[in-house]
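Coordinates from structure-v3.cif are shown below (mmCIF, C-alpha atoms).
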data_model
loop_
_atom_site.label_atom_id
_atom_site.label_comp_id
_atom_site.auth_asym_id
_atom_site.auth_seq_id
_atom_site.Cartn_x
_atom_site.Cartn_y
_atom_site.Cartn_z
CA MET A 381 -19.65 -36.09 4.35
CA SER A 382 -19.81 -39.70 3.31
CA GLU A 383 -17.30 -39.11 0.54
CA ALA A 384 -14.78 -37.68 2.93
CA TYR A 385 -11.59 -39.59 3.17
CA SER A 386 -11.13 -40.81 6.70
CA ALA A 387 -7.54 -41.70 7.29
CA ASP A 388 -7.88 -41.28 11.03
CA SER A 389 -8.56 -45.01 11.04
CA THR A 390 -4.87 -45.49 10.32
CA LYS A 391 -4.26 -44.21 13.84
CA ASP A 392 -5.56 -47.47 15.17
CA PRO A 393 -3.29 -48.38 18.08
CA GLY A 394 -3.53 -52.01 17.05
CA LYS A 395 -1.57 -51.27 13.92
CA THR A 396 2.14 -50.81 14.26
CA PHE A 397 2.82 -47.34 13.03
CA GLN A 398 6.43 -46.31 13.45
CA PRO A 399 6.80 -42.85 11.95
CA ASP A 400 10.57 -42.58 12.44
CA GLN A 401 11.19 -45.78 10.56
CA LEU A 402 8.78 -44.79 7.80
CA VAL A 403 10.48 -41.41 7.48
CA GLU A 404 13.84 -43.12 7.02
CA GLN A 405 12.35 -45.43 4.40
CA ALA A 406 10.75 -42.48 2.63
CA GLN A 407 14.09 -40.69 2.68
CA GLY A 408 15.43 -43.68 0.79
CA GLY A 409 12.78 -43.15 -1.90
CA ASP A 410 10.16 -45.60 -0.65
CA HIS A 411 6.85 -44.26 -1.98
CA LEU A 412 4.80 -46.74 0.01
CA ALA A 413 6.36 -45.59 3.28
CA PHE A 414 5.62 -41.99 2.39
CA HIS A 415 2.03 -42.85 1.52
CA ARG A 416 1.63 -44.43 4.94
CA LEU A 417 2.96 -41.30 6.59
CA ALA A 418 0.65 -39.15 4.45
CA ASP A 419 -2.35 -41.33 5.32
CA TYR A 420 -1.55 -40.87 8.99
CA TYR A 421 -0.90 -37.13 9.06
CA GLN A 422 -3.09 -35.88 6.21
CA PRO A 423 -6.30 -35.37 8.26
CA GLU A 424 -4.65 -33.18 10.87
CA ILE A 425 -2.69 -31.16 8.31
CA PHE A 426 -5.90 -30.72 6.33
CA ARG A 427 -7.72 -29.51 9.45
CA MET A 428 -4.86 -27.22 10.36
CA ILE A 429 -5.08 -25.55 6.94
CA TYR A 430 -8.87 -25.47 7.04
CA TYR A 431 -8.81 -23.66 10.41
CA ARG A 432 -6.81 -20.91 8.73
CA THR A 433 -8.39 -20.69 5.29
CA ARG A 434 -11.97 -21.73 6.17
CA SER A 435 -12.19 -23.04 2.65
CA ARG A 436 -12.39 -26.72 1.95
CA MET A 437 -11.15 -26.39 -1.61
CA ASP A 438 -8.11 -24.39 -0.57
CA ALA A 439 -7.45 -26.80 2.27
CA GLU A 440 -7.56 -29.74 -0.16
CA ASP A 441 -5.16 -28.10 -2.60
CA LEU A 442 -2.76 -26.80 0.01
CA THR A 443 -2.68 -30.13 1.83
CA GLN A 444 -1.71 -31.93 -1.37
CA ASP A 445 0.97 -29.32 -1.93
CA VAL A 446 2.30 -29.70 1.61
CA PHE A 447 2.80 -33.44 1.18
CA LEU A 448 4.29 -33.06 -2.27
CA ARG A 449 6.82 -30.59 -0.90
CA ALA A 450 7.45 -32.79 2.09
CA TYR A 451 8.28 -35.70 -0.21
CA LYS A 452 10.58 -33.58 -2.36
CA HIS A 453 12.53 -32.28 0.61
CA ILE A 454 12.32 -35.18 3.01
CA GLY A 455 16.02 -35.82 2.48
CA ARG A 456 16.77 -32.56 4.26
CA LEU A 457 15.01 -33.67 7.44
CA GLU A 458 17.82 -34.67 9.79
CA ALA A 459 15.74 -35.89 12.72
CA PRO A 460 12.91 -38.25 11.71
CA GLY A 461 11.29 -37.57 15.08
CA LEU A 462 10.58 -34.02 13.94
CA PHE A 463 8.56 -35.12 10.91
CA ARG A 464 5.18 -34.05 12.30
CA SER A 465 6.28 -30.58 13.37
CA TRP A 466 8.23 -30.23 10.13
CA LEU A 467 4.99 -30.92 8.22
CA TYR A 468 3.31 -28.19 10.23
CA ARG A 469 6.10 -25.80 9.32
CA ILE A 470 5.58 -26.50 5.63
CA ALA A 471 1.84 -26.03 6.13
CA VAL A 472 2.30 -22.74 8.02
CA ASN A 473 4.46 -21.46 5.16
CA ARG A 474 2.02 -22.62 2.52
CA VAL A 475 -0.88 -20.91 4.27
CA ARG A 476 1.19 -17.72 4.54
CA ASP A 477 1.99 -17.89 0.81
CA HIS A 478 -1.68 -18.52 0.09
CA TYR A 479 -2.71 -15.39 1.96
CA ARG A 480 0.00 -13.40 0.22
CA ARG A 481 -1.26 -14.53 -3.16
CA GLN A 482 -4.84 -13.75 -2.19
CA LYS A 483 -3.78 -10.29 -1.13
CA ILE A 484 -1.99 -9.66 -4.42
CA LYS A 485 -5.00 -10.97 -6.34
CA SER A 486 -7.34 -8.69 -4.46
CA LEU A 487 -5.05 -5.72 -5.08
CA VAL A 488 -4.86 -6.49 -8.78
CA GLY A 489 -8.58 -7.07 -8.85
CA TRP A 490 -8.59 -10.71 -9.85
CA VAL A 491 -10.69 -11.64 -6.82
CA SER A 492 -13.93 -9.94 -7.62
CA VAL A 493 -16.27 -11.87 -5.37
CA ASP A 494 -16.36 -11.38 -1.66
CA GLU A 495 -14.20 -14.09 -0.17
CA GLU A 496 -16.59 -14.82 2.67
CA THR A 497 -19.49 -15.24 0.31
CA PHE A 498 -17.40 -17.53 -1.84
CA GLN A 499 -16.34 -19.64 1.09
CA GLU A 500 -19.86 -19.84 2.34
CA SER A 501 -21.17 -21.04 -0.98
CA GLU A 502 -18.36 -23.54 -1.08
CA GLU A 503 -19.36 -24.83 2.32
CA MET A 504 -22.95 -25.09 1.14
CA ALA A 505 -21.79 -27.43 -1.56
CA VAL A 506 -20.21 -29.85 0.87
CA ALA A 507 -22.18 -29.59 4.09
CA PRO A 508 -25.14 -31.93 3.96
CA GLU A 509 -27.24 -30.38 6.70
CA ALA A 510 -28.28 -26.74 6.86
CA GLU A 511 -28.17 -26.86 10.65
CA GLU A 512 -24.67 -28.23 10.64
CA ARG A 513 -23.66 -25.57 8.19
CA MET A 514 -25.03 -22.80 10.40
CA ASP A 515 -23.38 -24.27 13.49
CA ARG A 516 -20.10 -24.38 11.71
CA LYS A 517 -20.42 -20.84 10.49
CA ASP A 518 -21.40 -19.54 13.93
CA PHE A 519 -18.57 -21.39 15.60
CA TRP A 520 -15.93 -19.97 13.30
CA MET A 521 -17.37 -16.49 13.63
CA ARG A 522 -17.02 -16.72 17.41
CA VAL A 523 -13.49 -18.06 17.18
CA GLU A 524 -12.63 -15.29 14.76
CA LYS A 525 -14.07 -12.73 17.16
CA MET A 526 -11.95 -14.14 19.95
CA LEU A 527 -8.76 -14.13 17.87
CA ASP A 528 -9.35 -10.64 16.54
CA CYS A 529 -7.33 -9.01 19.29
CA LEU A 530 -4.16 -10.97 18.50
CA SER A 531 -1.22 -10.10 16.29
CA ALA A 532 -0.32 -12.50 13.46
CA LYS A 533 2.38 -14.28 15.48
CA GLU A 534 0.31 -14.48 18.64
CA ARG A 535 -2.54 -15.86 16.60
CA GLU A 536 -0.32 -18.49 15.00
CA ALA A 537 1.10 -19.49 18.37
CA PHE A 538 -2.35 -19.73 19.90
CA MET A 539 -3.77 -21.77 17.02
CA LEU A 540 -0.85 -24.19 16.94
CA ARG A 541 -1.10 -24.75 20.68
CA PHE A 542 -4.84 -24.96 21.25
CA LEU A 543 -6.44 -25.75 17.92
CA ASP A 544 -3.75 -27.98 16.45
CA GLN A 545 -2.65 -29.10 19.91
CA LEU A 546 1.08 -29.06 19.33
CA SER A 547 3.50 -29.12 22.22
CA ILE A 548 5.78 -26.14 22.85
CA LYS A 549 8.70 -28.12 21.44
CA GLU A 550 6.77 -28.98 18.28
CA MET A 551 5.77 -25.34 17.97
CA THR A 552 9.41 -24.27 17.92
CA THR A 553 9.94 -26.35 14.77
CA ALA A 554 6.63 -25.36 13.22
CA MET A 555 7.20 -21.65 13.79
CA LYS A 556 10.98 -21.82 13.35
CA LYS A 557 11.42 -19.81 16.51
CA SER A 558 13.24 -20.38 19.77
CA GLU A 559 11.38 -21.84 22.70
CA SER A 560 11.42 -18.57 24.61
CA THR A 561 10.02 -16.67 21.61
CA VAL A 562 7.24 -19.19 21.18
CA LYS A 563 6.39 -18.96 24.87
CA THR A 564 6.38 -15.18 24.73
CA HIS A 565 3.96 -15.13 21.79
CA LEU A 566 1.75 -17.67 23.49
CA TYR A 567 1.82 -15.86 26.82
CA ARG A 568 0.86 -12.56 25.18
CA ALA A 569 -1.91 -14.26 23.24
CA LEU A 570 -3.36 -15.83 26.38
CA ASN A 571 -3.21 -12.58 28.29
CA LYS A 572 -5.04 -10.73 25.55
CA ILE A 573 -7.66 -13.44 25.13
CA LYS A 574 -8.21 -13.65 28.88
CA ALA A 575 -8.67 -9.89 29.05
CA ALA A 576 -10.93 -9.81 25.99
CA VAL A 577 -13.31 -12.48 27.22
CA ALA A 578 -13.09 -11.76 30.94
CA ASP A 579 -16.40 -9.93 30.97
CA THR A 580 -18.13 -12.15 28.48
CA ASP A 581 -18.32 -15.63 29.87
CA ALA A 582 -21.16 -16.16 27.46
CA LEU A 583 -18.62 -16.27 24.64
CA TRP A 584 -16.95 -19.28 26.22
CA GLU A 585 -20.26 -20.96 26.66
CA GLU A 586 -21.18 -20.27 23.07
CA ILE A 587 -17.93 -21.71 21.86
CA MET B 458 -11.60 -14.28 51.34
CA ASN B 459 -9.52 -11.67 53.18
CA ILE B 460 -7.06 -9.19 51.64
CA SER B 461 -3.96 -11.25 52.32
CA ASP B 462 -5.57 -14.26 50.60
CA ALA B 463 -6.50 -12.09 47.65
CA LYS B 464 -2.93 -10.89 47.37
CA GLN B 465 -1.70 -14.40 47.34
CA HIS B 466 -4.13 -15.56 44.65
CA MET B 467 -2.71 -15.73 41.19
CA SER B 468 -3.06 -12.79 38.91
CA SER B 469 -4.27 -13.01 35.35
CA ASP B 470 -0.66 -12.74 34.20
CA GLU B 471 0.40 -15.61 36.41
CA ILE B 472 -2.44 -17.76 35.14
CA ALA B 473 -1.26 -17.09 31.58
CA ILE B 474 2.33 -17.89 32.56
CA ALA B 475 1.19 -21.09 34.24
CA MET B 476 -0.66 -22.06 31.08
CA VAL B 477 2.46 -21.65 28.98
CA ASP B 478 5.07 -23.01 31.37
CA ARG B 479 4.50 -23.74 35.03
CA GLU B 480 8.22 -23.94 35.63
CA ALA B 481 8.41 -20.25 34.80
CA LEU B 482 6.54 -19.48 38.05
CA THR B 483 8.54 -19.00 41.22
CA ALA B 484 8.62 -21.85 43.67
CA ASP B 485 6.28 -19.93 46.02
CA ARG B 486 3.72 -19.37 43.31
CA ARG B 487 3.91 -22.98 42.19
CA ALA B 488 3.32 -24.02 45.77
CA HIS B 489 0.37 -21.66 46.00
CA LEU B 490 -1.09 -23.01 42.77
CA ARG B 491 -0.76 -26.52 44.11
CA ASP B 492 -2.41 -25.68 47.42
CA CYS B 493 -5.01 -23.09 46.45
CA SER B 494 -8.17 -24.66 45.17
CA ILE B 495 -9.45 -21.34 43.83
CA CYS B 496 -6.37 -20.67 41.70
CA SER B 497 -5.98 -24.24 40.52
CA LYS B 498 -9.67 -24.28 39.59
CA GLN B 499 -9.31 -21.00 37.73
CA LEU B 500 -6.33 -22.33 35.81
CA ALA B 501 -8.05 -25.64 35.04
CA GLN B 502 -11.14 -23.81 33.82
CA PHE B 503 -9.11 -21.60 31.52
CA GLU B 504 -7.20 -24.60 30.17
CA ASP B 505 -10.39 -26.57 29.62
CA ARG B 506 -11.99 -23.74 27.76
CA LEU B 507 -9.07 -23.33 25.42
CA LEU B 508 -8.65 -27.03 24.83
CA GLY B 509 -12.39 -27.21 24.32
CA ILE B 510 -12.06 -24.82 21.42
CA GLY B 511 -9.59 -27.22 19.85
CA LYS B 512 -11.95 -30.15 20.29
CA ALA B 513 -14.88 -28.18 18.90
CA ALA B 514 -12.78 -26.99 15.97
CA ARG B 515 -11.97 -30.57 15.14
CA LYS B 516 -15.68 -31.39 15.00
CA MET B 517 -16.42 -28.30 12.95
CA ALA B 518 -13.88 -29.05 10.25
CA PRO B 519 -14.52 -31.35 7.31
CA ALA B 520 -12.27 -34.27 6.46
CA PRO B 521 -10.12 -34.43 3.33
CA SER B 522 -11.94 -35.97 0.40
CA ARG B 523 -9.05 -37.92 -1.10
CA PRO B 524 -5.84 -39.44 0.17
CA PHE B 525 -2.53 -37.98 -0.89
CA ARG B 526 -0.71 -39.99 -3.52
CA LEU B 527 2.54 -39.10 -5.19
CA PRO B 528 2.13 -38.31 -8.89
CA GLN B 529 3.02 -41.11 -11.29
CA THR B 530 6.50 -40.66 -12.65
CA ARG B 531 8.03 -42.26 -15.76
CA THR B 532 9.90 -45.42 -15.12
CA ARG B 533 13.65 -45.37 -15.02
CA SER B 534 13.99 -47.87 -17.88
CA HIS B 535 12.32 -45.37 -20.21
CA TRP B 536 14.95 -42.78 -19.32
CA GLN B 537 17.67 -45.34 -19.81
CA ARG B 538 16.34 -46.14 -23.27
CA LYS B 539 16.27 -42.52 -24.35
CA PRO B 540 20.00 -42.01 -25.10
CA VAL B 541 20.04 -45.30 -27.00
CA MET B 542 17.09 -44.13 -29.09
CA ALA B 543 18.77 -40.81 -29.77
CA MET B 544 21.97 -42.53 -30.86
CA GLY B 545 20.00 -44.85 -33.16
CA ILE B 546 18.19 -41.96 -34.81
CA ALA B 547 21.48 -40.12 -35.31
CA ALA B 548 23.04 -43.19 -36.93
CA VAL B 549 20.12 -43.59 -39.34
CA VAL B 550 20.30 -39.92 -40.34
CA LEU B 551 24.08 -40.17 -40.88
CA LEU B 552 23.67 -43.30 -42.97
CA ALA B 553 20.98 -41.67 -45.07
CA VAL B 554 23.22 -38.69 -45.76
CA VAL B 555 26.18 -40.89 -46.72
CA VAL B 556 24.19 -43.20 -48.98
CA TRP B 557 22.01 -40.57 -50.57
CA GLN B 558 24.79 -37.99 -51.13
CA PRO B 559 22.54 -35.07 -51.90
CA ALA B 560 23.74 -32.66 -54.61
CA PRO B 561 25.64 -29.62 -53.36
CA ILE B 562 23.41 -26.78 -52.70
CA SER B 563 23.47 -24.43 -55.69
CA PRO B 564 22.27 -20.87 -55.54
CA PRO B 565 18.76 -20.51 -56.77
CA GLY B 566 18.29 -19.06 -60.28
CA ILE B 567 17.87 -15.33 -60.60
CA PRO B 568 14.32 -14.40 -61.47
CA SER B 569 13.87 -12.77 -64.88
CA VAL B 570 12.88 -9.33 -63.55
CA ALA B 571 15.82 -9.33 -61.17
CA SER B 572 18.27 -10.31 -63.94
CA PHE B 573 16.92 -7.48 -66.12
CA ASP B 574 17.48 -5.00 -63.27
CA ALA B 575 20.99 -6.34 -62.72
CA ALA B 576 21.92 -5.84 -66.39
CA GLU B 577 20.56 -2.30 -66.29
CA ASP B 578 22.55 -1.56 -63.19
CA GLN B 579 25.67 -2.97 -64.80
CA ARG B 580 25.27 -0.73 -67.83
CA LEU B 581 24.62 2.33 -65.69
CA MET B 582 27.75 1.67 -63.67
CA GLU B 583 29.82 1.34 -66.84
CA ASP B 584 28.47 4.69 -68.09
CA ILE B 585 29.31 6.34 -64.81
CA ASP B 586 32.84 4.95 -64.92
CA ALA B 587 33.26 6.27 -68.44
CA ILE B 588 32.08 9.74 -67.44
CA VAL B 589 34.43 9.77 -64.44
CA GLU B 590 37.39 8.84 -66.64
CA ASN B 591 36.51 11.28 -69.43
CA ALA B 592 34.60 14.10 -67.81
CA LEU B 593 35.03 16.50 -70.77
CA PRO B 594 32.62 16.35 -73.70
CA GLU B 595 34.01 14.70 -76.80
CA VAL B 596 34.71 18.03 -78.59
CA TYR B 597 37.18 18.96 -75.82
CA GLN B 598 38.73 15.55 -75.59
CA GLU B 599 41.30 16.31 -78.25
CA LEU B 600 42.35 19.56 -76.58
CA ALA B 601 42.65 17.82 -73.32
CA SER B 602 44.83 15.15 -74.90
CA PHE B 603 47.73 17.67 -75.54
CA ASP B 604 50.80 17.18 -73.47
CA MET B 605 50.33 19.14 -70.33
CA PRO B 606 53.07 20.22 -67.96
CA ASP B 607 53.41 18.21 -64.83
CA LEU B 608 51.30 19.95 -62.22
CA THR B 609 51.96 17.56 -59.48
CA ASP B 610 54.54 19.77 -57.80
CA ASP B 611 53.06 21.13 -54.62
CA ASP B 612 55.12 24.32 -54.78
CA ILE B 613 53.27 25.58 -57.82
CA GLY B 614 49.80 26.98 -57.43
CA ASP B 615 46.87 26.67 -59.76
CA ASP B 616 47.46 30.01 -61.43
CA PRO B 617 49.69 29.52 -64.56
CA SER B 618 51.14 33.06 -64.06
CA ASP B 619 52.82 31.78 -60.95
CA TRP B 620 55.21 29.94 -63.24
CA ILE B 621 56.51 33.29 -64.48
CA VAL B 622 56.01 35.68 -61.54
CA PRO B 623 55.69 34.02 -58.20
CA SER B 624 52.88 35.26 -55.99
CA LEU B 625 53.64 37.69 -53.15
CA GLN B 626 51.39 35.74 -50.89
CA GLU B 627 54.24 33.78 -49.36
CA ASP B 628 56.21 36.98 -48.63
CA GLU B 629 53.16 38.56 -47.05
CA ASP B 630 52.70 35.51 -44.95
CA ASP B 631 56.34 35.63 -43.99
CA ASN B 632 56.03 39.27 -43.00
CA PHE B 633 53.02 38.58 -41.00
CA LEU B 634 54.81 35.83 -39.20
CA SER B 635 57.83 37.96 -38.58
#
Before anything else, please render the file you have as structure tokens.
Amino acid sequence: MSEAYSADSTKDPGKTFQPDQLVEQAQGGDHLAFHRLADYYQPEIFRMIYYRTRSRMDAEDLTQDVFLRAYKHIGRLEAPGLFRSWLYRIAVNRVRDHYRRQKIKSLVGWVSVDEETFQESEEMAVAPEAEERMDRKDFWMRVEKMLDCLSAKEREAFMLRFLDQLSIKEMTTAMKKSESTVKTHLYRALNKIKAAVADTDALWEEI
Amino acid sequence: MNISDAKQHMSSDEIAIAMVDREALTADRRAHLRDCSICSKQLAQFEDRLLGIGKAARKMAPAPSRPFRLPQTRTRSHWQRKPVMAMGIAAVVLLAVVVWQPAPISPPGIPSVASFDAAEDQRLMEDIDAIVENALPEVYQELASFDMPDLTDDDIGDDPSDWIVPSLQEDEDDNFLS
């Protein structure tokens, strides 16, 4: 993973990073300001997409697309303070579109290989250690098993809250739902997960 | 733990509600959560487990391989130059047309085979016209050239005997109508 781009270093508290100001500058067409924003938020948006696609290649492409769209439409963002959650909203929509396209492709027959096999082979190409690769695969299988009982909206709410660690307020922007709707989805998700894993503490330990 | 304690402990639903929004609990239940070590521990454990998934997920995800950079766009000056270039090209073309004054476009010559066909057609049409004008063979032409009575009157039928004895047809028709 030595080639991986690590922009998390830009989150150094020593550096003065003022997202609101950068958003305003980017809205004025300042490419440099937008690049600084992208450097700061790219890793978490990439992870967010990876959690949902489990494919590094797709996550790379979709992340680039998210930031390109963000730049094109940044003028529409009225509150610079909402930039992060607005990015998540774009990403949520892009992932949804991605799944839709995949579904159409599979119906038409363009996707001939088993997606899981493909993703696994893709992971093999990037993961340096076999052990790490297996750990990763096991982990995501367990998470998938846990999330299996949730509806699409409950799943999205749960992932945004606990995997992406967004606040409820940020989730309202990311999901484009009211606060009470977001809370309802999250509450239902938690209830189902609690019930599903109540008898299997081992699952928690494994995770 | 007696029954009354058990009743007071938070249910699974309440734990989930507390996870989402503690303010959504009633004041009594919030007070219980604050005071009850069992319930607060249960809630903390559930929260830790879920947040732990997030932390683990972060470790289990790769990092992006390249930073995002906006695609290179053409410079504005290039776009500003474009109309000027177009105008220049138009001026050169106009000048060339004016100076050169190309000959008016004449129709291309008729190929020999086509001209032969055209002459044939012309002759055929002339023959047809002649036949239409003089439908009778030549031997009858002279007979046909005698002065004929004017037959243009609509009241007279084709039968020459009608000139002498009018047909009863009209009377019959009249009778029929009456």
Proximal residues of chain A relative to chain B (all atoms listed in the file; 9 Å) as an MDAnalysis selection string: chainID A and resid 381 383:387 411 414:415 418:419 422:424 426:427 430:431 434 436 439:440 443:444 447:448 451 506:507 512 515:517 519:520 523 539 541:545 548 563:564 566:571 574:575 584:585 587
Find the smallest box with edges along x, y and z containing every listed atom of stretch 433-445 of chain A, then add 8 Å on each side and report centre and edge lengths in Å to one decimal, as AutoDock Vina command-line options.
--center_x -5.7 --center_y -26.3 --center_z 1.8 --size_x 29.4 --size_y 27.2 --size_z 24.8
Interatomic distance between atom CA of B:Asp485 and atom CA of B:His466?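 Between these atoms lies a distance of 11.4 Å.
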In Å, rounded to a single decimal, give me how far atom CA of A:Met521 is from atom CA of A:Asp477.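 According to the coordinates, atom CA of A:Asp477 and atom CA of A:Met521 are separated by 23.3 Å.
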Need to verify the contact set: A:His453, 12 Å, only C-alpha atoms, exclusion of same-chain residues closer than 4 positions in sequence. Can you return it as a PyMOL selection string? chain A and resi 403+406-409+446-449+457-458+463+466-467+470
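Interatomic distance, atom CA of A:Gln401 against atom CA of A:Tyr421: 14.9 Å.
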Check what the PyMOL selection byres ((chain A and resi 525) around 12) selects in the file above and give those residues as a list in words. Asp518, Phe519, Trp520, Met521, Arg522, Val523, Glu524, Met526, Leu527, Asp528, Cys529, Leu530, Arg535, Ile573, Ala576, Val577, Leu583, Trp584, Glu586 and Ile587 of chain A
Residues at most 9 Å from B:Met467, counting only C-alpha atoms, excluding those fewer than 4 positions away in the same chain, as a list in words?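 The residues satisfying every condition are Ala463, Glu471, Ile472, Arg486, His489, Leu490 and Cys496 of chain B.
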Between A:Lys549, A:Thr396, A:Val488, A:Gln405, which has the minimum distance to A:Gly455 (counting all atoms listed in the file)? A:Gln405
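Proximity ranking of B:Ala481, B:Val550, B:Gln465, B:Met544 relative to A:Ser560 places B:Ala481 first, based on all atoms listed in the file.
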